[in-house]
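Trainee: Here you go, work-v6.tsv (TSV, C-alpha atoms):
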```tsv
chain	number	residue	atom	x	y	z
A	23	GLY	CA	-7.58	33.61	5.09
A	24	PRO	CA	-8.86	36.87	3.73
A	25	CYS	CA	-9.02	37.56	0.01
A	26	THR	CA	-6.53	39.87	-1.65
A	27	GLN	CA	-7.70	43.16	-3.15
A	28	GLU	CA	-7.31	41.65	-6.62
A	29	GLU	CA	-9.58	38.73	-5.69
A	30	GLU	CA	-12.15	41.06	-4.14
A	31	LYS	CA	-12.25	43.09	-7.38
A	32	ARG	CA	-13.00	39.90	-9.32
A	33	LEU	CA	-15.87	39.15	-6.97
A	34	GLU	CA	-17.39	42.63	-7.28
A	35	ASN	CA	-19.07	41.69	-10.57
A	36	LEU	CA	-21.28	39.29	-8.58
A	37	ALA	CA	-22.63	42.17	-6.49
A	38	GLY	CA	-25.86	43.71	-7.71
A	39	ARG	CA	-26.81	40.79	-9.95
A	40	ASP	CA	-30.20	39.15	-9.76
A	41	PHE	CA	-29.83	36.67	-6.92
A	42	LEU	CA	-32.40	34.20	-8.25
A	43	GLN	CA	-31.03	34.24	-11.80
A	44	LEU	CA	-27.40	33.76	-10.75
A	45	ASP	CA	-25.98	30.39	-11.73
A	46	ALA	CA	-23.72	29.55	-8.77
A	47	ILE	CA	-21.89	26.74	-10.58
A	48	ALA	CA	-21.10	28.88	-13.64
A	49	ALA	CA	-19.95	31.71	-11.37
A	50	ALA	CA	-17.62	29.34	-9.50
A	51	VAL	CA	-16.13	28.06	-12.76
A	52	LYS	CA	-15.62	31.59	-14.02
A	53	ILE	CA	-13.90	32.64	-10.81
A	54	SER	CA	-11.57	29.61	-10.75
A	55	GLU	CA	-10.66	30.10	-14.42
A	56	SER	CA	-9.87	33.78	-13.88
A	57	ASP	CA	-6.66	33.12	-11.92
A	58	PHE	CA	-4.35	30.09	-12.05
A	59	ARG	CA	-3.56	30.56	-8.35
A	60	ILE	CA	-7.14	29.63	-7.47
A	61	ARG	CA	-7.43	25.86	-7.41
A	62	ARG	CA	-11.17	25.74	-6.86
A	63	ALA	CA	-14.01	28.14	-6.12
A	64	LEU	CA	-17.35	27.47	-4.48
A	65	VAL	CA	-20.26	29.88	-4.78
A	66	GLU	CA	-23.21	29.20	-2.52
A	67	LYS	CA	-26.53	31.03	-2.38
A	68	VAL	CA	-27.69	31.80	1.15
A	69	PHE	CA	-31.26	33.02	1.19
A	70	PRO	CA	-32.65	35.62	1.26
A	71	SER	CA	-29.90	37.56	-0.57
A	72	ASN	CA	-26.36	36.53	0.38
A	73	LEU	CA	-23.62	34.77	-1.53
A	74	ASN	CA	-20.86	32.81	0.16
A	75	VAL	CA	-17.74	32.53	-1.97
A	76	ILE	CA	-14.98	30.17	-0.90
A	77	LEU	CA	-11.67	30.20	-2.76
A	78	GLU	CA	-9.24	27.31	-2.41
A	79	LYS	CA	-5.84	28.64	-3.37
A	80	ARG	CA	-3.02	26.55	-4.73
A	81	LYS	CA	-0.31	25.68	-2.24
A	82	ALA	CA	3.27	24.98	-3.25
A	83	MET	CA	4.60	21.58	-2.27
A	84	VAL	CA	8.17	21.70	-3.65
A	85	GLY	CA	10.59	24.01	-5.36
A	86	ILE	CA	12.27	23.30	-8.68
A	87	ALA	CA	15.75	24.83	-8.74
A	88	VAL	CA	17.02	26.65	-11.80
A	89	GLU	CA	20.19	28.70	-12.08
A	90	ASN	CA	18.74	32.00	-10.83
A	91	GLY	CA	16.01	30.90	-8.42
A	92	VAL	CA	13.29	28.39	-7.61
A	93	PHE	CA	9.95	27.67	-9.29
A	94	LEU	CA	7.27	26.65	-6.81
A	95	ILE	CA	4.79	23.98	-7.94
A	96	ASP	CA	1.68	22.51	-6.36
A	97	SER	CA	0.47	18.90	-6.15
A	98	GLU	CA	-1.17	19.11	-9.59
A	99	GLY	CA	2.00	20.39	-11.25
A	100	MET	CA	0.91	24.01	-11.66
A	101	VAL	CA	3.82	26.43	-11.49
A	102	ILE	CA	2.63	28.95	-8.90
A	103	ALA	CA	5.52	31.37	-8.53
A	104	PHE	CA	9.20	32.07	-9.04
A	105	GLU	CA	11.28	32.99	-5.99
A	106	LYS	CA	14.97	33.59	-5.32
A	107	THR	CA	14.98	31.05	-2.46
A	108	SER	CA	12.57	28.63	-0.82
A	109	THR	CA	12.20	26.81	2.47
A	110	LEU	CA	10.34	24.00	0.70
A	111	PRO	CA	12.08	20.79	-0.38
A	112	VAL	CA	13.98	21.49	-3.62
A	113	LEU	CA	14.37	19.35	-6.73
A	114	TYR	CA	17.59	19.91	-8.71
A	115	GLY	CA	18.70	18.80	-12.15
A	116	LEU	CA	15.90	20.16	-14.32
A	117	LYS	CA	17.24	21.06	-17.73
A	118	SER	CA	14.40	23.20	-19.09
A	119	ASP	CA	12.77	26.36	-17.80
A	120	MET	CA	9.22	26.47	-16.61
A	121	VAL	CA	6.62	29.22	-16.92
A	122	VAL	CA	4.58	30.60	-14.03
A	123	GLY	CA	0.89	29.86	-14.62
A	124	GLU	CA	1.50	26.73	-16.73
A	125	ARG	CA	1.71	23.08	-15.79
A	126	ALA	CA	5.03	21.31	-15.44
A	127	SER	CA	5.76	18.13	-17.37
A	128	GLN	CA	4.50	14.85	-15.94
A	129	GLU	CA	8.09	13.78	-15.27
A	130	VAL	CA	8.64	16.85	-13.07
A	131	VAL	CA	5.29	16.35	-11.32
A	132	ASN	CA	6.16	12.73	-10.49
A	133	ALA	CA	9.60	13.73	-9.20
A	134	ALA	CA	8.04	16.48	-7.08
A	135	ARG	CA	5.48	14.07	-5.61
A	136	ILE	CA	8.26	11.64	-4.70
A	137	LEU	CA	10.26	14.39	-2.98
A	138	SER	CA	7.19	15.69	-1.17
A	139	LEU	CA	6.17	12.27	0.16
A	140	VAL	CA	9.70	11.32	1.21
A	141	ASN	CA	10.07	14.73	2.89
A	142	LYS	CA	6.91	14.14	4.91
A	143	ALA	CA	8.13	10.73	6.00
A	144	GLN	CA	11.88	11.28	6.36
A	145	SER	CA	12.53	15.06	6.28
A	146	ALA	CA	14.46	14.84	3.02
A	147	ASN	CA	14.93	18.35	1.64
A	148	THR	CA	16.79	17.74	-1.63
A	149	ALA	CA	16.39	15.50	-4.62
A	150	TYR	CA	18.11	15.29	-7.99
A	151	LEU	CA	16.36	14.51	-11.24
A	152	GLU	CA	18.45	12.05	-13.21
A	153	GLU	CA	17.64	10.41	-16.56
A	154	ASP	CA	14.55	8.31	-15.72
A	155	SER	CA	14.83	8.45	-11.96
A	156	VAL	CA	15.03	10.67	-8.90
A	157	ARG	CA	17.74	10.48	-6.25
A	158	VAL	CA	16.53	11.66	-2.85
A	159	ASN	CA	19.12	12.41	-0.17
A	160	LEU	CA	18.08	11.09	3.24
A	161	ALA	CA	19.63	11.58	6.66
A	162	ASN	CA	22.88	9.74	7.51
A	163	ASP	CA	24.14	10.17	3.91
A	164	ILE	CA	21.74	7.58	2.51
A	165	SER	CA	20.64	8.06	-1.10
A	166	SER	CA	17.40	6.53	-2.32
A	167	TYR	CA	16.53	6.10	-5.98
A	168	PHE	CA	13.00	6.10	-7.38
A	169	SER	CA	11.67	5.43	-10.85
A	170	LEU	CA	9.51	8.22	-12.27
A	171	ASP	CA	6.94	5.84	-13.75
A	172	SER	CA	6.30	3.65	-10.71
A	173	ASP	CA	3.61	3.81	-8.06
A	174	VAL	CA	4.99	6.57	-5.85
A	175	GLU	CA	3.01	5.85	-2.69
A	176	SER	CA	3.93	2.17	-2.57
A	177	ARG	CA	7.61	2.92	-3.21
A	178	VAL	CA	7.75	5.51	-0.44
A	179	GLY	CA	5.97	3.02	1.83
A	180	ALA	CA	8.60	0.43	0.93
A	181	LEU	CA	11.31	2.94	1.82
A	182	GLN	CA	9.67	3.51	5.20
A	183	LEU	CA	9.61	-0.22	5.89
A	184	ILE	CA	13.23	-0.67	4.83
A	185	LEU	CA	14.40	2.23	6.99
A	186	SER	CA	12.54	0.95	10.04
A	187	ARG	CA	14.15	-2.47	9.67
A	188	ILE	CA	17.56	-0.94	9.07
A	189	ARG	CA	17.31	0.98	12.33
A	190	MET	CA	16.65	-2.29	14.15
A	191	ASP	CA	19.70	-3.92	12.56
A	192	GLU	CA	21.82	-0.78	13.08
A	193	LYS	CA	23.44	-1.22	9.67
A	194	LEU	CA	23.13	1.79	7.38
A	195	PRO	CA	23.28	1.32	3.63
A	196	LYS	CA	24.79	3.92	1.33
A	197	THR	CA	22.04	3.57	-1.25
A	198	ILE	CA	18.51	2.18	-1.39
A	199	ASP	CA	17.42	1.58	-4.97
A	200	LEU	CA	13.63	1.35	-5.36
A	201	ARG	CA	13.56	1.54	-9.17
A	202	TYR	CA	13.12	-2.21	-9.53
A	203	SER	CA	10.48	-4.67	-8.36
A	204	LYS	CA	12.76	-5.72	-5.49
A	205	PRO	CA	14.68	-2.99	-3.65
A	206	ILE	CA	18.48	-3.10	-3.79
A	207	LEU	CA	20.53	-1.98	-0.78
A	208	ASN	CA	24.23	-1.22	-1.14
A	209	TYR	CA	26.39	-1.06	2.00
```
Using the file provided, produce a representation of the structure as structure tokens.

Mentor:
Amino acid sequence: GPCTQEEEKRLENLAGRDFLQLDAIAAAVKISESDFRIRRALVEKVFPSNLNVILEKRKAMVGIAVENGVFLIDSEGMVIAFEKTSTLPVLYGLKSDMVVGERASQEVVNAARILSLVNKAQSANTAYLEEDSVRVNLANDISSYFSLDSDVESRVGALQLILSRIRMDEKLPKTIDLRYSKPILNY
């Protein structure tokens, strides 16, 4: 989409500079470091005298609920914004506050990745951070538990496989515990 006025002002310092002397890589680094909301910048020289600037902005993947609102974080754990509400999947149970423009702890990033992946696969919109695990609420009142230090993609894949087999058997468990090497289902 189009750049904001603030972003256009940052790019104005590139105008009028010697085109041949401009270091496109250094300019891109400077632009991306100027605002935490910019994930990556690309500056490309187009001869005879044009510059193409592409800004990849950070996109929130989940919300982290606190008592008076929701912090939005991206896939790298950068806290992008604070909002009163969010339509994104929300992670509850965080005990410490976060700061917009800083990275969240690795524990929070792992929990957010788990919620994001499960949401994409199963439309799960809430999760709860517990001691060393995350509880994700699925449809049909099924709770799934994930360890924060395990391989997230393989665990979510295992959940997908379990849920597809469960639907064939038509028996719904109350919990699916994926914190261990072998999943545990409680009926």

Trainee: Kindly assemble as JSON lines a list of the region 78-156 of chain A residues that lie within 12 Å of region 182-188 of chain A, each paired with its nearest atom pair and their distance in Å to one decimal, using only C-alpha atoms, sorted first by chain and then by ascending residue number.

Mentor:
```
{"residue": "A:Leu139", "atom": "CA", "partner": "A:Gln182", "partner_atom": "CA", "distance": 10.7}
{"residue": "A:Val140", "atom": "CA", "partner": "A:Gln182", "partner_atom": "CA", "distance": 8.8}
{"residue": "A:Asn141", "atom": "CA", "partner": "A:Gln182", "partner_atom": "CA", "distance": 11.5}
{"residue": "A:Lys142", "atom": "CA", "partner": "A:Gln182", "partner_atom": "CA", "distance": 11.0}
{"residue": "A:Ala143", "atom": "CA", "partner": "A:Gln182", "partner_atom": "CA", "distance": 7.4}
{"residue": "A:Gln144", "atom": "CA", "partner": "A:Gln182", "partner_atom": "CA", "distance": 8.2}
{"residue": "A:Ser145", "atom": "CA", "partner": "A:Gln182", "partner_atom": "CA", "distance": 11.9}
```

Trainee: Please list as a count of residues only every residue within 6 Å of Ile102 (chain A), counting all atoms listed in the file and excluding residues in the same chain fewer than 4 positions away.

Mentor: 3

Trainee: Give me the residues of region 122-184 of chain A that have any atom at most 9 Å from an atom of region 71-87 of chain A; for each, the nearest atom pair and the distance in Å, rounded to one decimal. Use all atoms listed in the file, sort by chain and number, and format it as CSV.

Mentor:
```
residue,atom,partner,partner_atom,distance
A:Val130,CA,A:Ile86,CA,8.6
A:Ala134,CA,A:Val84,CA,6.2
A:Arg135,CA,A:Met83,CA,8.3
A:Leu137,CA,A:Val84,CA,7.6
A:Ser138,CA,A:Met83,CA,6.5
```

Trainee: Taking all atoms listed in the file into account, name the residue in A:Val92, A:Ala146, A:Ala49, A:Val65 that is nearest to Thr107 (chain A).

Mentor: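 Comparing A:Val92, A:Ala146, A:Ala49, A:Val65 against Thr107 (chain A), the winner is A:Val92.
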
Trainee: With only C-alpha atoms as the basis for distance, which of A:Gly99, A:Gly91, A:Gly38, A:Pro111 is at the shortest distance from Glu129 (chain A)?

Mentor: A:Gly99

Trainee: What would region 143-175 of chain A look like with N, CA and C atoms in place, written as a tab-separated table (two decimals), in the frame of the given file?

Mentor:
```tsv
chain	number	residue	atom	x	y	z
A	143	ALA	N	7.81	11.92	5.23
A	143	ALA	CA	8.13	10.73	6.00
A	143	ALA	C	9.53	10.78	6.62
A	144	GLN	N	10.49	11.36	5.92
A	144	GLN	CA	11.88	11.28	6.36
A	144	GLN	C	12.61	12.62	6.46
A	145	SER	N	11.92	13.72	6.26
A	145	SER	CA	12.53	15.06	6.28
A	145	SER	C	13.68	15.19	5.30
A	146	ALA	N	13.47	14.71	4.10
A	146	ALA	CA	14.46	14.84	3.02
A	146	ALA	C	14.17	16.14	2.29
A	147	ASN	N	15.16	17.03	2.21
A	147	ASN	CA	14.93	18.35	1.64
A	147	ASN	C	15.47	18.54	0.23
A	148	THR	N	16.24	17.59	-0.27
A	148	THR	CA	16.79	17.74	-1.63
A	148	THR	C	16.65	16.45	-2.41
A	149	ALA	N	16.45	16.64	-3.70
A	149	ALA	CA	16.39	15.50	-4.62
A	149	ALA	C	17.00	15.95	-5.94
A	150	TYR	N	17.47	14.99	-6.71
A	150	TYR	CA	18.11	15.29	-7.99
A	150	TYR	C	17.43	14.47	-9.08
A	151	LEU	N	16.99	15.16	-10.10
A	151	LEU	CA	16.36	14.51	-11.24
A	151	LEU	C	17.47	13.99	-12.14
A	152	GLU	N	17.48	12.68	-12.33
A	152	GLU	CA	18.45	12.05	-13.21
A	152	GLU	C	17.67	11.43	-14.36
A	153	GLU	N	18.27	10.86	-15.32
A	153	GLU	CA	17.64	10.41	-16.56
A	153	GLU	C	16.17	9.98	-16.39
A	154	ASP	N	15.92	8.80	-15.91
A	154	ASP	CA	14.55	8.31	-15.72
A	154	ASP	C	14.26	8.04	-14.25
A	155	SER	N	14.99	8.72	-13.38
A	155	SER	CA	14.83	8.45	-11.96
A	155	SER	C	15.07	9.72	-11.14
A	156	VAL	N	14.80	9.58	-9.85
A	156	VAL	CA	15.03	10.67	-8.90
A	156	VAL	C	15.87	10.10	-7.77
A	157	ARG	N	16.90	10.85	-7.40
A	157	ARG	CA	17.74	10.48	-6.25
A	157	ARG	C	17.38	11.44	-5.12
A	158	VAL	N	16.91	10.87	-4.01
A	158	VAL	CA	16.53	11.66	-2.85
A	158	VAL	C	17.57	11.42	-1.77
A	159	ASN	N	18.12	12.51	-1.23
A	159	ASN	CA	19.12	12.41	-0.17
A	159	ASN	C	18.42	12.36	1.18
A	160	LEU	N	18.67	11.29	1.91
A	160	LEU	CA	18.08	11.09	3.24
A	160	LEU	C	19.12	11.43	4.30
A	161	ALA	N	18.70	11.36	5.55
A	161	ALA	CA	19.63	11.58	6.66
A	161	ALA	C	20.69	10.48	6.67
A	162	ASN	N	21.78	10.71	7.37
A	162	ASN	CA	22.88	9.74	7.51
A	162	ASN	C	23.53	9.41	6.17
A	163	ASP	N	23.50	10.34	5.23
A	163	ASP	CA	24.14	10.17	3.91
A	163	ASP	C	23.63	8.96	3.14
A	164	ILE	N	22.36	8.66	3.27
A	164	ILE	CA	21.74	7.58	2.51
A	164	ILE	C	21.05	8.20	1.29
A	165	SER	N	21.31	7.62	0.13
A	165	SER	CA	20.64	8.06	-1.10
A	165	SER	C	19.62	7.02	-1.50
A	166	SER	N	18.42	7.46	-1.83
A	166	SER	CA	17.40	6.53	-2.32
A	166	SER	C	17.02	6.91	-3.74
A	167	TYR	N	16.84	5.90	-4.56
A	167	TYR	CA	16.53	6.10	-5.98
A	167	TYR	C	15.11	5.61	-6.26
A	168	PHE	N	14.37	6.42	-7.01
A	168	PHE	CA	13.00	6.10	-7.38
A	168	PHE	C	12.83	6.23	-8.89
A	169	SER	N	12.04	5.33	-9.46
A	169	SER	CA	11.67	5.43	-10.85
A	169	SER	C	10.55	6.44	-10.99
A	170	LEU	N	10.54	7.20	-12.07
A	170	LEU	CA	9.51	8.22	-12.27
A	170	LEU	C	8.18	7.64	-12.73
A	171	ASP	N	8.19	6.41	-13.22
A	171	ASP	CA	6.94	5.84	-13.75
A	171	ASP	C	6.31	4.79	-12.83
A	172	SER	N	6.84	4.66	-11.62
A	172	SER	CA	6.30	3.65	-10.71
A	172	SER	C	5.25	4.25	-9.79
A	173	ASP	N	4.60	3.39	-9.04
A	173	ASP	CA	3.61	3.81	-8.06
A	173	ASP	C	4.33	4.47	-6.89
A	174	VAL	N	4.22	5.78	-6.81
A	174	VAL	CA	4.99	6.57	-5.85
A	174	VAL	C	4.67	6.20	-4.41
A	175	GLU	N	3.39	6.11	-4.08
A	175	GLU	CA	3.01	5.85	-2.69
A	175	GLU	C	3.53	4.51	-2.19
```
